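Visitor: Take a look at this one; I'll ask things after.
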Amino acid sequence: MNIEFLNPPQLCPTFGWTHVVSATGGKTIHISGQVGINERGEVVGRGDLKAQTEQAFRNIELALAAVGATFRDVVKTSLFVVGLKPEHVPIIREVRSRYVWAEHPPASTLVGVSALVGPDWLIEIEAVAVIAER
(Lines give C-alpha, C1' and ligand atoms only; values in the text may rest on other atoms or scores of the structure.)
Protein backbone atom coordinates (compact mmCIF):
# COMPACT_ATOMS: atom_id res chain seq x y z
CA MET A 1 0.00 0.00 0.00
CA ASN A 2 1.26 3.46 -0.89
CA ILE A 3 -0.20 6.80 0.22
CA GLU A 4 1.19 10.16 -0.92
CA PHE A 5 0.28 13.52 0.60
CA LEU A 6 0.99 16.32 -1.88
CA ASN A 7 0.74 20.10 -1.75
CA PRO A 8 1.74 21.34 -5.21
CA PRO A 9 3.52 24.71 -5.03
CA GLN A 10 1.12 26.05 -7.68
CA LEU A 11 -1.77 25.81 -5.16
CA CYS A 12 -2.36 28.01 -2.10
CA PRO A 13 -0.76 27.21 1.28
CA THR A 14 -2.68 24.76 3.44
CA PHE A 15 -3.75 25.11 7.06
CA GLY A 16 -4.39 21.62 8.44
CA TRP A 17 -5.33 19.81 5.23
CA THR A 18 -3.59 18.40 2.16
CA HIS A 19 -4.51 19.39 -1.39
CA VAL A 20 -3.93 15.95 -2.96
CA VAL A 21 -3.84 12.52 -1.36
CA SER A 22 -3.09 9.56 -3.62
CA ALA A 23 -3.57 5.98 -2.39
CA THR A 24 -2.79 2.76 -4.23
CA GLY A 25 -3.38 -0.72 -2.93
CA GLY A 26 -5.07 -1.35 0.36
CA LYS A 27 -8.70 -1.35 1.38
CA THR A 28 -10.80 1.81 1.11
CA ILE A 29 -13.17 2.57 3.98
CA HIS A 30 -16.06 5.04 3.61
CA ILE A 31 -17.50 6.43 6.87
CA SER A 32 -21.02 7.85 6.61
CA GLY A 33 -21.58 11.36 7.89
CA GLN A 34 -21.27 11.42 11.67
CA VAL A 35 -23.01 14.01 13.83
CA GLY A 36 -23.17 15.09 17.47
CA ILE A 37 -25.22 12.07 18.53
CA ASN A 38 -24.10 9.67 21.26
CA GLU A 39 -24.55 5.87 21.39
CA ARG A 40 -28.06 6.32 22.86
CA GLY A 41 -29.14 8.49 19.91
CA GLU A 42 -29.14 11.68 22.00
CA VAL A 43 -27.90 15.02 20.68
CA VAL A 44 -24.72 16.03 22.51
CA GLY A 45 -24.28 19.74 23.05
CA ARG A 46 -27.55 21.07 21.67
CA GLY A 47 -26.68 24.50 20.23
CA ASP A 48 -22.92 24.00 20.90
CA LEU A 49 -20.82 23.61 17.75
CA LYS A 50 -17.65 22.62 19.63
CA ALA A 51 -19.39 19.85 21.62
CA GLN A 52 -21.07 18.49 18.50
CA THR A 53 -17.80 18.61 16.54
CA GLU A 54 -16.06 16.68 19.33
CA GLN A 55 -18.81 14.04 19.34
CA ALA A 56 -18.77 13.71 15.54
CA PHE A 57 -14.99 13.17 15.53
CA ARG A 58 -15.31 10.63 18.39
CA ASN A 59 -17.95 8.81 16.35
CA ILE A 60 -15.62 8.69 13.35
CA GLU A 61 -12.85 7.38 15.60
CA LEU A 62 -15.18 4.58 16.78
CA ALA A 63 -16.21 3.76 13.21
CA LEU A 64 -12.56 3.59 12.14
CA ALA A 65 -11.70 1.33 15.07
CA ALA A 66 -14.47 -1.06 14.00
CA VAL A 67 -12.44 -1.83 10.85
CA GLY A 68 -9.01 -1.70 12.49
CA ALA A 69 -8.21 1.82 11.29
CA THR A 70 -7.24 5.09 12.97
CA PHE A 71 -7.22 8.74 11.97
CA ARG A 72 -3.71 8.16 10.53
CA ASP A 73 -5.46 6.13 7.82
CA VAL A 74 -7.91 8.91 6.88
CA VAL A 75 -7.22 10.37 3.44
CA LYS A 76 -10.31 12.62 3.02
CA THR A 77 -12.84 14.36 5.24
CA SER A 78 -15.90 16.40 4.34
CA LEU A 79 -17.44 18.69 6.94
CA PHE A 80 -20.90 20.23 6.60
CA VAL A 81 -21.74 23.03 9.04
CA VAL A 82 -25.13 24.67 9.48
CA GLY A 83 -24.86 28.44 9.03
CA LEU A 84 -21.07 28.36 8.68
CA LYS A 85 -19.40 31.65 9.64
CA PRO A 86 -15.70 32.59 9.71
CA GLU A 87 -15.69 32.49 13.53
CA HIS A 88 -16.69 28.79 13.41
CA VAL A 89 -13.52 27.77 11.58
CA PRO A 90 -11.10 28.10 14.55
CA ILE A 91 -13.49 26.07 16.74
CA ILE A 92 -13.64 23.27 14.19
CA ARG A 93 -9.87 23.38 13.54
CA GLU A 94 -9.08 23.17 17.27
CA VAL A 95 -11.14 20.01 17.69
CA ARG A 96 -10.05 18.54 14.37
CA SER A 97 -6.36 19.04 15.27
CA ARG A 98 -6.76 16.57 18.14
CA TYR A 99 -7.76 13.83 15.72
CA VAL A 100 -6.13 14.21 12.31
CA TRP A 101 -2.50 13.36 11.67
CA ALA A 102 -0.68 16.72 11.82
CA GLU A 103 2.26 15.55 9.69
CA HIS A 104 0.00 14.31 6.87
CA PRO A 105 -3.50 15.75 7.28
CA PRO A 106 -6.19 14.42 4.94
CA ALA A 107 -7.63 16.19 1.94
CA SER A 108 -10.61 18.07 3.31
CA THR A 109 -13.70 20.02 2.33
CA LEU A 110 -15.61 22.41 4.62
CA VAL A 111 -19.05 23.46 3.43
CA GLY A 112 -21.68 25.71 4.94
CA VAL A 113 -25.23 24.36 4.63
CA SER A 114 -28.63 25.72 5.56
CA ALA A 115 -29.74 22.59 7.43
CA LEU A 116 -28.96 18.96 8.22
CA VAL A 117 -31.49 16.15 8.63
CA GLY A 118 -31.70 16.44 12.43
CA PRO A 119 -33.13 19.80 13.53
CA ASP A 120 -30.55 20.15 16.34
CA TRP A 121 -27.53 18.97 14.34
CA LEU A 122 -24.91 21.67 13.69
CA ILE A 123 -22.19 19.63 11.95
CA GLU A 124 -21.88 16.41 9.96
CA ILE A 125 -18.51 14.89 9.09
CA GLU A 126 -17.77 12.05 6.70
CA ALA A 127 -14.41 10.36 6.14
CA VAL A 128 -12.57 8.09 3.75
CA ALA A 129 -9.67 5.95 4.98
CA VAL A 130 -7.29 3.52 3.30
CA ILE A 131 -5.81 0.61 5.24
CA ALA A 132 -3.52 -2.27 4.30
CA GLU A 133 -5.32 -5.38 3.05
CA ARG A 134 -5.65 -8.02 5.74
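Labels for the C-alpha coordinates follow display order: chains A, B, ..., residues from 1 in each chain, ligands from 1.
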Please list as a ChimeraX atom specification every residue within 9 Å of stretch 52-69 of chain A, counting only C-alpha atoms and excluding residues in the same chain fewer than 4 positions away.
Guide: /A:29,31-39,43-48,73-74,91-92,95-96,99,121-127,129-131
Visitor: I'd like a table as JSON lines: residues in stretch 28-95 of chain A with an atom no more than 8 Å from stretch 10-22 of chain A, each row giving the shortest atom pair and its distance in Å to one decimal, only C-alpha atoms counted, sorted by chain and rising residue number.
Guide:
{"residue": "A:Val75", "atom": "CA", "partner": "A:Val21", "partner_atom": "CA", "distance": 6.2}
{"residue": "A:Lys76", "atom": "CA", "partner": "A:Val21", "partner_atom": "CA", "distance": 7.8}
{"residue": "A:Arg93", "atom": "CA", "partner": "A:Gly16", "partner_atom": "CA", "distance": 7.7}
Visitor: Would you mind reading off the distance between atom CA of A:Ser97 and atom CA of A:Val82, one decimal, in Å?
Guide: 20.4 Å
Visitor: Quick one: pull the distance between atom CA of A:Phe71 and atom CA of A:Pro119, Å, one decimal.
Guide: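 Separation between atom CA of A:Phe71 and atom CA of A:Pro119: 28.2 Å.
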Visitor: Report, in Å with one decimal, the straight-line distance from atom CA of A:Pro90 to atom CA of A:Asp120.
Guide: 21.1 Å
Visitor: Mind the document's chain letters and residue numbers, and return as a PyMOL selection string the residues of chain A that DSSP labels strand (DSSP E or B).
Guide: chain A and resi 2-6+20-24+27-34+37+43+74-82+107-113+123-131
Visitor: Of the residues A:Val89, A:Ala51, A:Arg98, A:Ser78, which is the one nearest to A:His30, using only C-alpha atoms?
Guide: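 Counting only C-alpha atoms, the residue closest to A:His30 is A:Ser78.
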Visitor: Using only C-alpha atoms, which of the listed residues (A:Ile3, A:Val100, A:Lys85, A:Phe80) sits closest to A:Val117?
Guide: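 Smallest separation from A:Val117 among the options: A:Phe80.
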